[in-house]
Amino acid sequence: MKIVRTVSEMQQLSKSLQKEGKSIGLVPTMGYLHEGHQKLLREGRQQNDILILSIFLNPLQFGPTEDLDRYPKNEERDIDVAKNENVDIVFMPSVEEIYPSEMSHNISITKRTNILCGKTREGHFEGVVTVLAKLFNVTIPDNAYFGLKDAQQVSVVKAFVDDFNVPVNIVPVATVREEDGLAKSSRNVNLDTREREEAKYLYRALLHGKEFVEQGETDPKIIISAVSQFIIEHTHGKIDYVDLLSYPNLDHISEVTGDMILAVAVKFNGARLIDNVIFNKSGKLLYT
């Protein structure tokens, strides 16, 4: 396994691999790897000749009041995980390497970001897409793997790739969960004992809402209300949002139809957690 820390070396290496006809898979992360990242790596390992893991804590996707400084880090452990998952190259650039000077161009996103996490995290997805544009140009992947825990991110990135004809196939991978249903997240370590116990009810609330669809309910407002009430009754967390939207377009809907995403965000003292389920109009889960 090779560790690369500069853009120039990574780009030259990727170009050489491309000339050799090797297929390249990229798993972009911010580090502190967990089982969710491992699932992405395993998918990438199976489907490509070369597997690249990028680890970069991207400051552009954190707002002024968000938890960049609190984001957990453990480089040594991340490298061990990469070795165990048979990663070929770990790209670990510094902030100065990725952003050597003030950028003269900004990426503006006009759709899919004014709801869910994008509604309260101004500039977040612009930061995500900006760093991915750089990573795609540096690593030159054929396939890039993203977890559906952040399904809005998957939707935004897929639209970006389609809009600009970026030759990368975006591969969504189902959310990895703890035994009690909590979505795996690097931020889970920041929860105290009570918050961790209550956090499992986010996924149960989503399944509770999905059951309404299975039983024939077609009014999104009723489903959203039921999910919200479930969270209020079972946790002390503050609801950021509960919403039911079309997927992947993330449009508001007046009735249950087509493929949909039921998503929640809840703020605990230790961390802000997000989760979602994606299903069709019959309530059948997709991406399981």
# chains A, B, ... in the order shown; residues from 1 in each chain; ligands from 1
call {"tool": "select_by_dssp", "arguments": {"residues": "segment 24-262 of chain A", "states": "strand (DSSP E)", "output": "MDAnalysis selection string"}}
result
chainID A and resid 24:29 50:55 89:91 143:147 169:173 238:246 260:262
call {"tool": "write_last_selection", "arguments": {"atoms": "C-alpha atoms", "output": "PDB file, in the first residue's frame"}}
result
ATOM      1  CA  ILE A  24      -9.662   3.045 -10.593  1.00  0.00           C
ATOM      2  CA  GLY A  25     -12.107   3.202  -7.697  1.00  0.00           C
ATOM      3  CA  LEU A  26     -12.131   6.132  -5.255  1.00  0.00           C
ATOM      4  CA  VAL A  27     -13.567   6.228  -1.748  1.00  0.00           C
ATOM      5  CA  PRO A  28     -13.432   9.873  -0.586  1.00  0.00           C
ATOM      6  CA  THR A  29     -13.543  10.316   3.195  1.00  0.00           C
ATOM      7  CA  ILE A  50      -6.912  -0.102  -8.228  1.00  0.00           C
ATOM      8  CA  LEU A  51      -8.546   1.183  -5.043  1.00  0.00           C
ATOM      9  CA  ILE A  52      -7.770   4.694  -3.794  1.00  0.00           C
ATOM     10  CA  LEU A  53      -8.837   5.940  -0.375  1.00  0.00           C
ATOM     11  CA  SER A  54      -8.679   9.698   0.095  1.00  0.00           C
ATOM     12  CA  ILE A  55      -8.564  11.129   3.613  1.00  0.00           C
ATOM     13  CA  ILE A  89      -3.215   3.988  -2.464  1.00  0.00           C
ATOM     14  CA  VAL A  90      -4.093   6.288   0.441  1.00  0.00           C
ATOM     15  CA  PHE A  91      -4.184   9.935  -0.646  1.00  0.00           C
ATOM     16  CA  ASN A 143     -15.965   4.841 -10.008  1.00  0.00           C
ATOM     17  CA  ALA A 144     -16.504   6.791  -6.788  1.00  0.00           C
ATOM     18  CA  TYR A 145     -18.296   5.335  -3.767  1.00  0.00           C
ATOM     19  CA  PHE A 146     -20.621   7.213  -1.398  1.00  0.00           C
ATOM     20  CA  GLY A 147     -22.693   6.046   1.552  1.00  0.00           C
ATOM     21  CA  ASN A 169     -19.623   6.666 -12.155  1.00  0.00           C
ATOM     22  CA  ILE A 170     -21.194   7.496  -8.777  1.00  0.00           C
ATOM     23  CA  VAL A 171     -21.927   4.309  -6.821  1.00  0.00           C
ATOM     24  CA  PRO A 172     -24.383   4.663  -3.900  1.00  0.00           C
ATOM     25  CA  VAL A 173     -23.853   2.175  -1.075  1.00  0.00           C
ATOM     26  CA  LYS A 238     -33.911  18.793  19.111  1.00  0.00           C
ATOM     27  CA  ILE A 239     -35.390  18.078  15.693  1.00  0.00           C
ATOM     28  CA  ASP A 240     -33.641  19.975  12.919  1.00  0.00           C
ATOM     29  CA  TYR A 241     -35.904  18.566  10.217  1.00  0.00           C
ATOM     30  CA  VAL A 242     -38.175  15.703   9.255  1.00  0.00           C
ATOM     31  CA  ASP A 243     -39.133  15.615   5.583  1.00  0.00           C
ATOM     32  CA  LEU A 244     -40.526  13.371   2.866  1.00  0.00           C
ATOM     33  CA  LEU A 245     -39.288  14.207  -0.635  1.00  0.00           C
ATOM     34  CA  SER A 246     -38.928  12.685  -4.083  1.00  0.00           C
ATOM     35  CA  MET A 260     -39.049   8.883  -2.011  1.00  0.00           C
ATOM     36  CA  ILE A 261     -36.712   9.680   0.835  1.00  0.00           C
ATOM     37  CA  LEU A 262     -37.889  10.077   4.420  1.00  0.00           C
TER      38      LEU A 262
END
call {"tool": "closest_atom_pairs", "arguments": {"of": "segment 2-77 of chain A", "to": "segment 181-203 of chain A", "cutoff": "10 Å", "atoms": "only C-alpha atoms", "output": "tab-separated table"}}
result
residue	atom	partner	partner_atom	distance
A:Met30	CA	A:Ser186	CA	9.3
A:Gly31	CA	A:Ser186	CA	8.4
A:Tyr32	CA	A:Ser186	CA	6.2
A:Leu33	CA	A:Ser186	CA	7.2
A:His34	CA	A:Ser186	CA	6.9
A:Glu35	CA	A:Lys184	CA	6.9
A:Gly36	CA	A:Lys184	CA	6.0
A:His37	CA	A:Lys184	CA	9.1
A:Asp67	CA	A:Arg187	CA	9.7
A:Arg70	CA	A:Asn190	CA	8.7
A:Tyr71	CA	A:Arg187	CA	7.2
A:Pro72	CA	A:Ser186	CA	6.9
A:Lys73	CA	A:Ser186	CA	9.2
call {"tool": "write_last_selection", "arguments": {"atoms": "C-alpha atoms", "output": "JSON list (two decimals), in the first residue's frame"}}
result
[["chain", "number", "residue", "atom", "x", "y", "z"],
["A", 30, "MET", "CA", -12.68, 12.78, 5.94],
["A", 31, "GLY", "CA", -11.00, 10.06, 7.97],
["A", 32, "TYR", "CA", -11.75, 8.38, 11.30],
["A", 33, "LEU", "CA", -12.90, 5.35, 9.36],
["A", 34, "HIS", "CA", -15.69, 3.10, 10.61],
["A", 35, "GLU", "CA", -17.64, 0.11, 9.29],
["A", 36, "GLY", "CA", -19.56, 2.31, 6.87],
["A", 37, "HIS", "CA", -16.33, 3.37, 5.20],
["A", 67, "ASP", "CA", -17.68, 21.15, 14.52],
["A", 70, "ARG", "CA", -14.21, 18.49, 17.13],
["A", 71, "TYR", "CA", -14.20, 16.14, 14.15],
["A", 72, "PRO", "CA", -12.38, 13.00, 15.36],
["A", 73, "LYS", "CA", -9.01, 12.10, 13.84]]
call {"tool": "atom_distance", "arguments": {"atom1": "atom CA of Asn84 of chain A", "atom2": "atom CA of Pro141 of chain A"}}
result
21.3 Å
call {"tool": "closest_residue", "arguments": {"among": "A:Asp150, A:Glu211, A:Asp163, A:Asp219", "to": "Ala263 of chain A", "atoms": "only C-alpha atoms"}}
result
A:Asp150
call {"tool": "select_by_dssp", "arguments": {"residues": "segment 101-138 of chain A", "states": "alpha helix (DSSP H)", "output": "PyMOL selection string"}}
result
chain A and resi 117-120+124-138
call {"tool": "residues_around", "arguments": {"residues": "Gln11 of chain A", "least_positions_apart": "6", "cutoff": "10 Å", "atoms": "only C-alpha atoms", "output": "list in words"}}
result
Leu17, Leu135, Phe136, Asn137, Val138, Thr139 and Ile140 of chain A
call {"tool": "atom_distance", "arguments": {"atom1": "atom CA of Val87 of chain A", "atom2": "atom CA of Val131 of chain A"}}
result
21.1 Å
call {"tool": "closest_residue", "arguments": {"among": "A:Ile109, A:Val227, A:Lys19, A:Lys221", "to": "Ser254 of chain A", "atoms": "only C-alpha atoms"}}
result
A:Lys221
call {"tool": "atom_distance", "arguments": {"atom1": "atom CA of Ile274 of chain A", "atom2": "atom CA of Lys149 of chain A"}}
result
7.4 Å
call {"tool": "closest_residue", "arguments": {"among": "A:Leu148, A:Val256, A:Asp142, A:Lys267", "to": "Pro167 of chain A", "atoms": "only C-alpha atoms"}}
result
A:Asp142
call {"tool": "closest_residue", "arguments": {"among": "A:Val95, A:Gln61, A:Phe279, A:Ser23", "to": "Asp49 of chain A", "atoms": "only C-alpha atoms"}}
result
A:Ser23
call {"tool": "closest_residue", "arguments": {"among": "A:Asn48, A:Asn276, A:Met10, A:Leu207", "to": "Val176 of chain A", "atoms": "only C-alpha atoms"}}
result
A:Asn276
call {"tool": "residues_around", "arguments": {"residues": "segment 92-94 of chain A", "least_positions_apart": "5", "cutoff": "9 Å", "atoms": "only C-alpha atoms", "output": "MDAnalysis selection string"}}
result
chainID A and resid 3:7 53:57 99
call {"tool": "write_last_selection", "arguments": {"atoms": "N, CA and C atoms", "output": "PDB file, in the first residue's frame"}}
result
ATOM      1  N   ILE A   3       1.252   5.425   0.381  1.00  0.00           N
ATOM      2  CA  ILE A   3       0.667   6.640   0.940  1.00  0.00           C
ATOM      3  C   ILE A   3       1.191   7.837   0.151  1.00  0.00           C
ATOM      4  N   VAL A   4       0.266   8.635  -0.363  1.00  0.00           N
ATOM      5  CA  VAL A   4       0.614   9.790  -1.179  1.00  0.00           C
ATOM      6  C   VAL A   4       0.070  11.043  -0.498  1.00  0.00           C
ATOM      7  N   ARG A   5       0.906  12.081  -0.419  1.00  0.00           N
ATOM      8  CA  ARG A   5       0.480  13.287   0.290  1.00  0.00           C
ATOM      9  C   ARG A   5       0.477  14.540  -0.582  1.00  0.00           C
ATOM     10  N   THR A   6       0.917  14.437  -1.833  1.00  0.00           N
ATOM     11  CA  THR A   6       0.919  15.614  -2.699  1.00  0.00           C
ATOM     12  C   THR A   6       0.039  15.401  -3.916  1.00  0.00           C
ATOM     13  N   VAL A   7      -0.539  16.499  -4.391  1.00  0.00           N
ATOM     14  CA  VAL A   7      -1.405  16.459  -5.567  1.00  0.00           C
ATOM     15  C   VAL A   7      -0.622  16.015  -6.800  1.00  0.00           C
ATOM     16  N   LEU A  53      -8.124   5.343  -1.506  1.00  0.00           N
ATOM     17  CA  LEU A  53      -8.837   5.940  -0.375  1.00  0.00           C
ATOM     18  C   LEU A  53      -8.280   7.340  -0.176  1.00  0.00           C
ATOM     19  N   SER A  54      -9.147   8.353  -0.231  1.00  0.00           N
ATOM     20  CA  SER A  54      -8.679   9.698   0.095  1.00  0.00           C
ATOM     21  C   SER A  54      -9.153  10.060   1.498  1.00  0.00           C
ATOM     22  N   ILE A  55      -8.259  10.662   2.260  1.00  0.00           N
ATOM     23  CA  ILE A  55      -8.564  11.129   3.613  1.00  0.00           C
ATOM     24  C   ILE A  55      -8.223  12.612   3.669  1.00  0.00           C
ATOM     25  N   PHE A  56      -9.250  13.432   3.757  1.00  0.00           N
ATOM     26  CA  PHE A  56      -9.032  14.875   3.779  1.00  0.00           C
ATOM     27  C   PHE A  56     -10.176  15.549   4.524  1.00  0.00           C
ATOM     28  N   LEU A  57      -9.832  16.179   5.627  1.00  0.00           N
ATOM     29  CA  LEU A  57     -10.837  16.899   6.418  1.00  0.00           C
ATOM     30  C   LEU A  57     -11.044  18.265   5.760  1.00  0.00           C
ATOM     31  N   TYR A  99      -5.727  23.391  -1.096  1.00  0.00           N
ATOM     32  CA  TYR A  99      -6.076  24.804  -1.297  1.00  0.00           C
ATOM     33  C   TYR A  99      -4.817  25.665  -1.091  1.00  0.00           C
TER      34      TYR A  99
END
call {"tool": "closest_residue", "arguments": {"among": "A:Asn269, A:Thr130, A:Thr113, A:Gln12", "to": "Gly237 of chain A", "atoms": "only C-alpha atoms"}}
result
A:Asn269
